[in-house]
Amino acid sequence: MVLTEEMKAKLVKEAFEARRGSYSPYSRFQVGAALLTSDGRIFTGANIENASYGATICAERTAAVEAAFSGSREFIAIAVVGSEEGSEDEEMAYAYPCGICRQFLREFLPQTGDVTVLVARTPDNYRETTLNALLPHSFGPQDLDYLHQ
Ligand code: THU
């Protein structure tokens with residue numbers, strides 16, 4: 001699947017929209033994510049916190065779990081937007097995916113290639129990188145292939 005500039009912009013827009021679903025009464029840091037899978041579907045998510053803080057799930061994983069559960073298990077691109085509650089546009093920081101989310105996304109790399117990661121401050125201002133750049137020398141399903149030989 002070719003990732004067009006239009007699709008990137010759409011993912012960023014959807015991540016902003018998804019951020020509205022954040023449940024973050026403890027950190028008040030609201031994160032939204034929009035994930036494109038190889039079948040052309042888009043899955044969105046937001047961070048959902050918990051009074052037992054460690055039980056919190058990040059926005060990226062909310063979206064990834066929904067995609068994987070739906071059978072869409074090849075990730076092409078993910079847009080992420082995160083900032084403290086109430087912040088607008090340029091006040092927002094670039095919130096890169098946390099380490100656990102990088103590993104979680106890595107499970108669903110496309111057959112060939114990488115996952116594009118878009119990190120946005122505003123709908124028109126986003127940076128682009130890749131999962132391999134964010135998580136080099138990663139551990140993945142192939143490392144456990146010996147179990148199936
Ligand atoms: N968070 C995410 O949703 N994604 C990340 O990649 C980093 C952190 C959330 C978790 C928690 O609800 C809040 O941001 C502050 O850590």
# chains A, B, ... in the order shown; residues from 1 in each chain; ligands from 1

$ residues_around --residues "Arg121 (chain A)" --least-positions-apart "3" --cutoff "9 Å" --atoms "only C-alpha atoms" --output "short mmCIF file (atom, residue, chain, number, x, y, z; two decimals) with C-alpha atoms, in the first residue's frame"
data_model
loop_
_atom_site.label_atom_id
_atom_site.label_comp_id
_atom_site.auth_asym_id
_atom_site.auth_seq_id
_atom_site.Cartn_x
_atom_site.Cartn_y
_atom_site.Cartn_z
CA VAL A 81 -0.76 13.47 19.04
CA GLY A 82 -0.35 14.15 22.74
CA SER A 83 -0.31 17.10 25.05
CA GLU A 88 -3.91 24.27 21.70
CA ASP A 89 -1.97 24.07 18.49
CA GLU A 90 1.59 25.33 18.80
CA GLU A 91 1.55 24.87 22.58
CA MET A 92 1.53 21.16 21.93
CA ALA A 93 4.72 19.12 22.07
CA TYR A 94 5.79 16.30 19.78
CA ALA A 95 4.83 13.21 21.78
CA ASP A 124 -0.47 20.86 9.65
CA ASN A 125 2.72 20.47 11.64
CA TYR A 126 3.98 16.94 12.05
CA ARG A 127 7.23 15.04 11.95
#

$ closest_atom_pairs --of "chain A" --to "ligand 1" --cutoff "10 Å" --atoms "only C-alpha atoms and all ligand atoms" --output "JSON lines"
{"residue": "A:Arg19", "atom": "CA", "partner": "ligand 1", "partner_atom_place_in_ligand_line": "3 (O)", "distance": 9.3}
{"residue": "A:Ser22", "atom": "CA", "partner": "ligand 1", "partner_atom_place_in_ligand_line": "12 (O)", "distance": 8.2}
{"residue": "A:Tyr23", "atom": "CA", "partner": "ligand 1", "partner_atom_place_in_ligand_line": "12 (O)", "distance": 7.7}
{"residue": "A:Ser24", "atom": "CA", "partner": "ligand 1", "partner_atom_place_in_ligand_line": "12 (O)", "distance": 5.6}
{"residue": "A:Pro25", "atom": "CA", "partner": "ligand 1", "partner_atom_place_in_ligand_line": "12 (O)", "distance": 8.6}
{"residue": "A:Tyr26", "atom": "CA", "partner": "ligand 1", "partner_atom_place_in_ligand_line": "12 (O)", "distance": 7.7}
{"residue": "A:Ser27", "atom": "CA", "partner": "ligand 1", "partner_atom_place_in_ligand_line": "15 (C)", "distance": 5.4}
{"residue": "A:Arg28", "atom": "CA", "partner": "ligand 1", "partner_atom_place_in_ligand_line": "13 (C)", "distance": 7.3}
{"residue": "A:Phe29", "atom": "CA", "partner": "ligand 1", "partner_atom_place_in_ligand_line": "13 (C)", "distance": 5.0}
{"residue": "A:Gln30", "atom": "CA", "partner": "ligand 1", "partner_atom_place_in_ligand_line": "14 (O)", "distance": 6.2}
{"residue": "A:Val31", "atom": "CA", "partner": "ligand 1", "partner_atom_place_in_ligand_line": "3 (O)", "distance": 4.8}
{"residue": "A:Gly32", "atom": "CA", "partner": "ligand 1", "partner_atom_place_in_ligand_line": "3 (O)", "distance": 7.0}
{"residue": "A:Ala33", "atom": "CA", "partner": "ligand 1", "partner_atom_place_in_ligand_line": "3 (O)", "distance": 8.2}
{"residue": "A:Gly45", "atom": "CA", "partner": "ligand 1", "partner_atom_place_in_ligand_line": "3 (O)", "distance": 8.9}
{"residue": "A:Ala46", "atom": "CA", "partner": "ligand 1", "partner_atom_place_in_ligand_line": "3 (O)", "distance": 6.4}
{"residue": "A:Asn47", "atom": "CA", "partner": "ligand 1", "partner_atom_place_in_ligand_line": "3 (O)", "distance": 4.3}
{"residue": "A:Ile48", "atom": "CA", "partner": "ligand 1", "partner_atom_place_in_ligand_line": "12 (O)", "distance": 6.1}
{"residue": "A:Glu49", "atom": "CA", "partner": "ligand 1", "partner_atom_place_in_ligand_line": "12 (O)", "distance": 5.1}
{"residue": "A:Asn50", "atom": "CA", "partner": "ligand 1", "partner_atom_place_in_ligand_line": "12 (O)", "distance": 8.4}
{"residue": "A:Tyr53", "atom": "CA", "partner": "ligand 1", "partner_atom_place_in_ligand_line": "12 (O)", "distance": 8.4}
{"residue": "A:Gly54", "atom": "CA", "partner": "ligand 1", "partner_atom_place_in_ligand_line": "11 (C)", "distance": 9.3}
{"residue": "A:Ala55", "atom": "CA", "partner": "ligand 1", "partner_atom_place_in_ligand_line": "12 (O)", "distance": 9.6}
{"residue": "A:Thr56", "atom": "CA", "partner": "ligand 1", "partner_atom_place_in_ligand_line": "12 (O)", "distance": 6.0}
{"residue": "A:Ile57", "atom": "CA", "partner": "ligand 1", "partner_atom_place_in_ligand_line": "10 (C)", "distance": 6.3}
{"residue": "A:Cys58", "atom": "CA", "partner": "ligand 1", "partner_atom_place_in_ligand_line": "3 (O)", "distance": 3.2}
{"residue": "A:Ala59", "atom": "CA", "partner": "ligand 1", "partner_atom_place_in_ligand_line": "3 (O)", "distance": 4.0}
{"residue": "A:Glu60", "atom": "CA", "partner": "ligand 1", "partner_atom_place_in_ligand_line": "4 (N)", "distance": 6.0}
{"residue": "A:Arg61", "atom": "CA", "partner": "ligand 1", "partner_atom_place_in_ligand_line": "3 (O)", "distance": 7.9}
{"residue": "A:Thr62", "atom": "CA", "partner": "ligand 1", "partner_atom_place_in_ligand_line": "3 (O)", "distance": 8.5}
{"residue": "A:Val80", "atom": "CA", "partner": "ligand 1", "partner_atom_place_in_ligand_line": "6 (O)", "distance": 7.9}
{"residue": "A:Val81", "atom": "CA", "partner": "ligand 1", "partner_atom_place_in_ligand_line": "4 (N)", "distance": 8.6}
{"residue": "A:Gly82", "atom": "CA", "partner": "ligand 1", "partner_atom_place_in_ligand_line": "2 (C)", "distance": 7.2}
{"residue": "A:Ser83", "atom": "CA", "partner": "ligand 1", "partner_atom_place_in_ligand_line": "14 (O)", "distance": 8.2}
{"residue": "A:Glu84", "atom": "CA", "partner": "ligand 1", "partner_atom_place_in_ligand_line": "15 (C)", "distance": 8.8}
{"residue": "A:Ala95", "atom": "CA", "partner": "ligand 1", "partner_atom_place_in_ligand_line": "6 (O)", "distance": 6.8}
{"residue": "A:Tyr96", "atom": "CA", "partner": "ligand 1", "partner_atom_place_in_ligand_line": "6 (O)", "distance": 5.8}
{"residue": "A:Pro97", "atom": "CA", "partner": "ligand 1", "partner_atom_place_in_ligand_line": "6 (O)", "distance": 3.4}
{"residue": "A:Cys98", "atom": "CA", "partner": "ligand 1", "partner_atom_place_in_ligand_line": "6 (O)", "distance": 3.9}
{"residue": "A:Gly99", "atom": "CA", "partner": "ligand 1", "partner_atom_place_in_ligand_line": "6 (O)", "distance": 7.4}
{"residue": "A:Ile100", "atom": "CA", "partner": "ligand 1", "partner_atom_place_in_ligand_line": "6 (O)", "distance": 7.9}
{"residue": "A:Cys101", "atom": "CA", "partner": "ligand 1", "partner_atom_place_in_ligand_line": "6 (O)", "distance": 6.1}
{"residue": "A:Arg102", "atom": "CA", "partner": "ligand 1", "partner_atom_place_in_ligand_line": "6 (O)", "distance": 8.1}

$ residues_around --residues "Val12 (chain A)" --least-positions-apart "5" --cutoff "7 Å" --atoms "only C-alpha atoms" --output "PyMOL selection string"
chain A and resi 79+120+123

$ write_last_selection --atoms "C-alpha atoms" --output "mmCIF file, in the first residue's frame"
data_model
loop_
_atom_site.group_PDB
_atom_site.id
_atom_site.type_symbol
_atom_site.label_atom_id
_atom_site.label_comp_id
_atom_site.auth_asym_id
_atom_site.auth_seq_id
_atom_site.Cartn_x
_atom_site.Cartn_y
_atom_site.Cartn_z
ATOM 1 C CA ALA A 79 -0.204 9.143 13.752
ATOM 2 C CA ALA A 120 1.955 15.889 15.320
ATOM 3 C CA PRO A 123 -2.924 19.134 12.039
#

$ atom_distance --atom1 "CA of Thr122 (chain A)" --atom2 "CA of Glu74 (chain A)"
26.7 Å

$ residues_around --residues "Ser70 (chain A)" --least-positions-apart "5" --cutoff "12 Å" --atoms "only C-alpha atoms" --output "ChimeraX atom specification"
/A:37,39,41-43,63-65

$ residues_around --residues "Ile78 (chain A)" --least-positions-apart "6" --cutoff "6 Å" --atoms "only C-alpha atoms" --output "MDAnalysis selection string"
chainID A and resid 34:35 117

$ write_last_selection --atoms "C-alpha atoms" --output "CSV table (one decimal), in the first residue's frame"
chain,number,residue,atom,x,y,z
A,34,ALA,CA,-4.8,6.8,14.3
A,35,LEU,CA,-3.4,3.6,12.7
A,117,VAL,CA,5.3,7.1,12.5

$ select_by_dssp --residues "region 31-124 of chain A" --states "strand (DSSP E)" --output "VMD selection string"
chain A and resid 31 to 37 42 to 46 75 to 84 116 to 122

$ residues_around --residues "Gln142 (chain A)" --least-positions-apart "3" --cutoff "12 Å" --atoms "only C-alpha atoms" --output "MDAnalysis selection string"
chainID A and resid 106:109 111 138:139 145:149

$ write_last_selection --atoms "C-alpha atoms" --output "mmCIF file, in the first residue's frame"
data_model
loop_
_atom_site.group_PDB
_atom_site.id
_atom_site.type_symbol
_atom_site.label_atom_id
_atom_site.label_comp_id
_atom_site.auth_asym_id
_atom_site.auth_seq_id
_atom_site.Cartn_x
_atom_site.Cartn_y
_atom_site.Cartn_z
ATOM 1 C CA ARG A 106 6.700 -3.839 16.151
ATOM 2 C CA GLU A 107 4.814 -7.139 16.401
ATOM 3 C CA PHE A 108 2.693 -6.110 13.421
ATOM 4 C CA LEU A 109 5.266 -4.836 10.929
ATOM 5 C CA GLN A 111 5.677 -8.237 5.385
ATOM 6 C CA SER A 138 14.296 -4.982 17.778
ATOM 7 C CA PHE A 139 13.129 -8.320 19.077
ATOM 8 C CA ASP A 145 10.641 -19.040 14.917
ATOM 9 C CA TYR A 146 12.800 -21.819 16.367
ATOM 10 C CA LEU A 147 9.850 -22.785 18.534
ATOM 11 C CA HIS A 148 7.933 -23.816 15.420
ATOM 12 C CA GLN A 149 10.673 -25.763 13.617
#

$ decode --residues "region 70-95 of chain A" --atoms "N, CA and C atoms" --output "PDB file, in the first residue's frame"
ATOM      1  N   SER A  70      -9.409  -7.044  15.220  1.00  0.00           N
ATOM      2  CA  SER A  70     -10.263  -7.039  14.023  1.00  0.00           C
ATOM      3  C   SER A  70      -9.652  -7.828  12.881  1.00  0.00           C
ATOM      4  N   GLY A  71      -8.460  -8.359  13.086  1.00  0.00           N
ATOM      5  CA  GLY A  71      -7.811  -9.157  12.042  1.00  0.00           C
ATOM      6  C   GLY A  71      -6.915  -8.360  11.124  1.00  0.00           C
ATOM      7  N   SER A  72      -6.764  -7.061  11.375  1.00  0.00           N
ATOM      8  CA  SER A  72      -5.893  -6.206  10.562  1.00  0.00           C
ATOM      9  C   SER A  72      -4.530  -6.155  11.243  1.00  0.00           C
ATOM     10  N   ARG A  73      -3.635  -7.007  10.792  1.00  0.00           N
ATOM     11  CA  ARG A  73      -2.399  -7.242  11.558  1.00  0.00           C
ATOM     12  C   ARG A  73      -1.130  -6.863  10.813  1.00  0.00           C
ATOM     13  N   GLU A  74      -1.278  -5.972   9.842  1.00  0.00           N
ATOM     14  CA  GLU A  74      -0.103  -5.391   9.179  1.00  0.00           C
ATOM     15  C   GLU A  74      -0.247  -3.884   9.248  1.00  0.00           C
ATOM     16  N   PHE A  75       0.632  -3.273  10.018  1.00  0.00           N
ATOM     17  CA  PHE A  75       0.509  -1.840  10.242  1.00  0.00           C
ATOM     18  C   PHE A  75       1.358  -1.069   9.231  1.00  0.00           C
ATOM     19  N   ILE A  76       0.752  -0.078   8.622  1.00  0.00           N
ATOM     20  CA  ILE A  76       1.445   0.739   7.613  1.00  0.00           C
ATOM     21  C   ILE A  76       1.930   2.056   8.214  1.00  0.00           C
ATOM     22  N   ALA A  77       1.063   2.702   8.967  1.00  0.00           N
ATOM     23  CA  ALA A  77       1.410   4.015   9.515  1.00  0.00           C
ATOM     24  C   ALA A  77       0.576   4.298  10.759  1.00  0.00           C
ATOM     25  N   ILE A  78       1.171   5.078  11.653  1.00  0.00           N
ATOM     26  CA  ILE A  78       0.419   5.516  12.841  1.00  0.00           C
ATOM     27  C   ILE A  78       0.705   6.990  13.081  1.00  0.00           C
ATOM     28  N   ALA A  79      -0.342   7.733  13.374  1.00  0.00           N
ATOM     29  CA  ALA A  79      -0.204   9.143  13.752  1.00  0.00           C
ATOM     30  C   ALA A  79      -0.491   9.255  15.241  1.00  0.00           C
ATOM     31  N   VAL A  80       0.310  10.059  15.922  1.00  0.00           N
ATOM     32  CA  VAL A  80       0.160  10.221  17.370  1.00  0.00           C
ATOM     33  C   VAL A  80       0.154  11.709  17.697  1.00  0.00           C
ATOM     34  N   VAL A  81      -0.744  12.086  18.573  1.00  0.00           N
ATOM     35  CA  VAL A  81      -0.760  13.467  19.041  1.00  0.00           C
ATOM     36  C   VAL A  81      -1.036  13.465  20.536  1.00  0.00           C
ATOM     37  N   GLY A  82      -0.179  14.157  21.294  1.00  0.00           N
ATOM     38  CA  GLY A  82      -0.347  14.151  22.741  1.00  0.00           C
ATOM     39  C   GLY A  82       0.099  15.452  23.358  1.00  0.00           C
ATOM     40  N   SER A  83      -0.671  15.890  24.323  1.00  0.00           N
ATOM     41  CA  SER A  83      -0.308  17.095  25.050  1.00  0.00           C
ATOM     42  C   SER A  83      -1.212  17.250  26.251  1.00  0.00           C
ATOM     43  N   GLU A  84      -0.831  18.157  27.142  1.00  0.00           N
ATOM     44  CA  GLU A  84      -1.656  18.322  28.335  1.00  0.00           C
ATOM     45  C   GLU A  84      -3.018  18.891  27.973  1.00  0.00           C
ATOM     46  N   GLU A  85      -3.964  18.512  28.793  1.00  0.00           N
ATOM     47  CA  GLU A  85      -5.348  18.933  28.595  1.00  0.00           C
ATOM     48  C   GLU A  85      -5.424  20.447  28.426  1.00  0.00           C
ATOM     49  N   GLY A  86      -6.204  20.875  27.466  1.00  0.00           N
ATOM     50  CA  GLY A  86      -6.419  22.314  27.300  1.00  0.00           C
ATOM     51  C   GLY A  86      -5.423  22.999  26.387  1.00  0.00           C
ATOM     52  N   SER A  87      -4.322  22.318  26.045  1.00  0.00           N
ATOM     53  CA  SER A  87      -3.335  22.985  25.184  1.00  0.00           C
ATOM     54  C   SER A  87      -3.829  23.016  23.741  1.00  0.00           C
ATOM     55  N   GLU A  88      -3.441  24.049  23.067  1.00  0.00           N
ATOM     56  CA  GLU A  88      -3.913  24.267  21.700  1.00  0.00           C
ATOM     57  C   GLU A  88      -2.734  24.389  20.758  1.00  0.00           C
ATOM     58  N   ASP A  89      -2.904  23.905  19.591  1.00  0.00           N
ATOM     59  CA  ASP A  89      -1.972  24.073  18.490  1.00  0.00           C
ATOM     60  C   ASP A  89      -0.500  24.127  18.895  1.00  0.00           C
ATOM     61  N   GLU A  90       0.141  25.257  18.648  1.00  0.00           N
ATOM     62  CA  GLU A  90       1.589  25.334  18.799  1.00  0.00           C
ATOM     63  C   GLU A  90       2.069  25.122  20.233  1.00  0.00           C
ATOM     64  N   GLU A  91       1.141  25.173  21.206  1.00  0.00           N
ATOM     65  CA  GLU A  91       1.546  24.874  22.585  1.00  0.00           C
ATOM     66  C   GLU A  91       1.851  23.396  22.746  1.00  0.00           C
ATOM     67  N   MET A  92       1.389  22.604  21.793  1.00  0.00           N
ATOM     68  CA  MET A  92       1.529  21.162  21.934  1.00  0.00           C
ATOM     69  C   MET A  92       2.955  20.723  21.619  1.00  0.00           C
ATOM     70  N   ALA A  93       3.372  19.656  22.303  1.00  0.00           N
ATOM     71  CA  ALA A  93       4.716  19.116  22.075  1.00  0.00           C
ATOM     72  C   ALA A  93       4.622  17.975  21.058  1.00  0.00           C
ATOM     73  N   TYR A  94       5.774  17.532  20.576  1.00  0.00           N
ATOM     74  CA  TYR A  94       5.786  16.303  19.781  1.00  0.00           C
ATOM     75  C   TYR A  94       5.872  15.145  20.767  1.00  0.00           C
ATOM     76  N   ALA A  95       4.847  14.326  20.833  1.00  0.00           N
ATOM     77  CA  ALA A  95       4.827  13.209  21.781  1.00  0.00           C
ATOM     78  C   ALA A  95       5.106  11.906  21.026  1.00  0.00           C
TER      79      ALA A  95
END
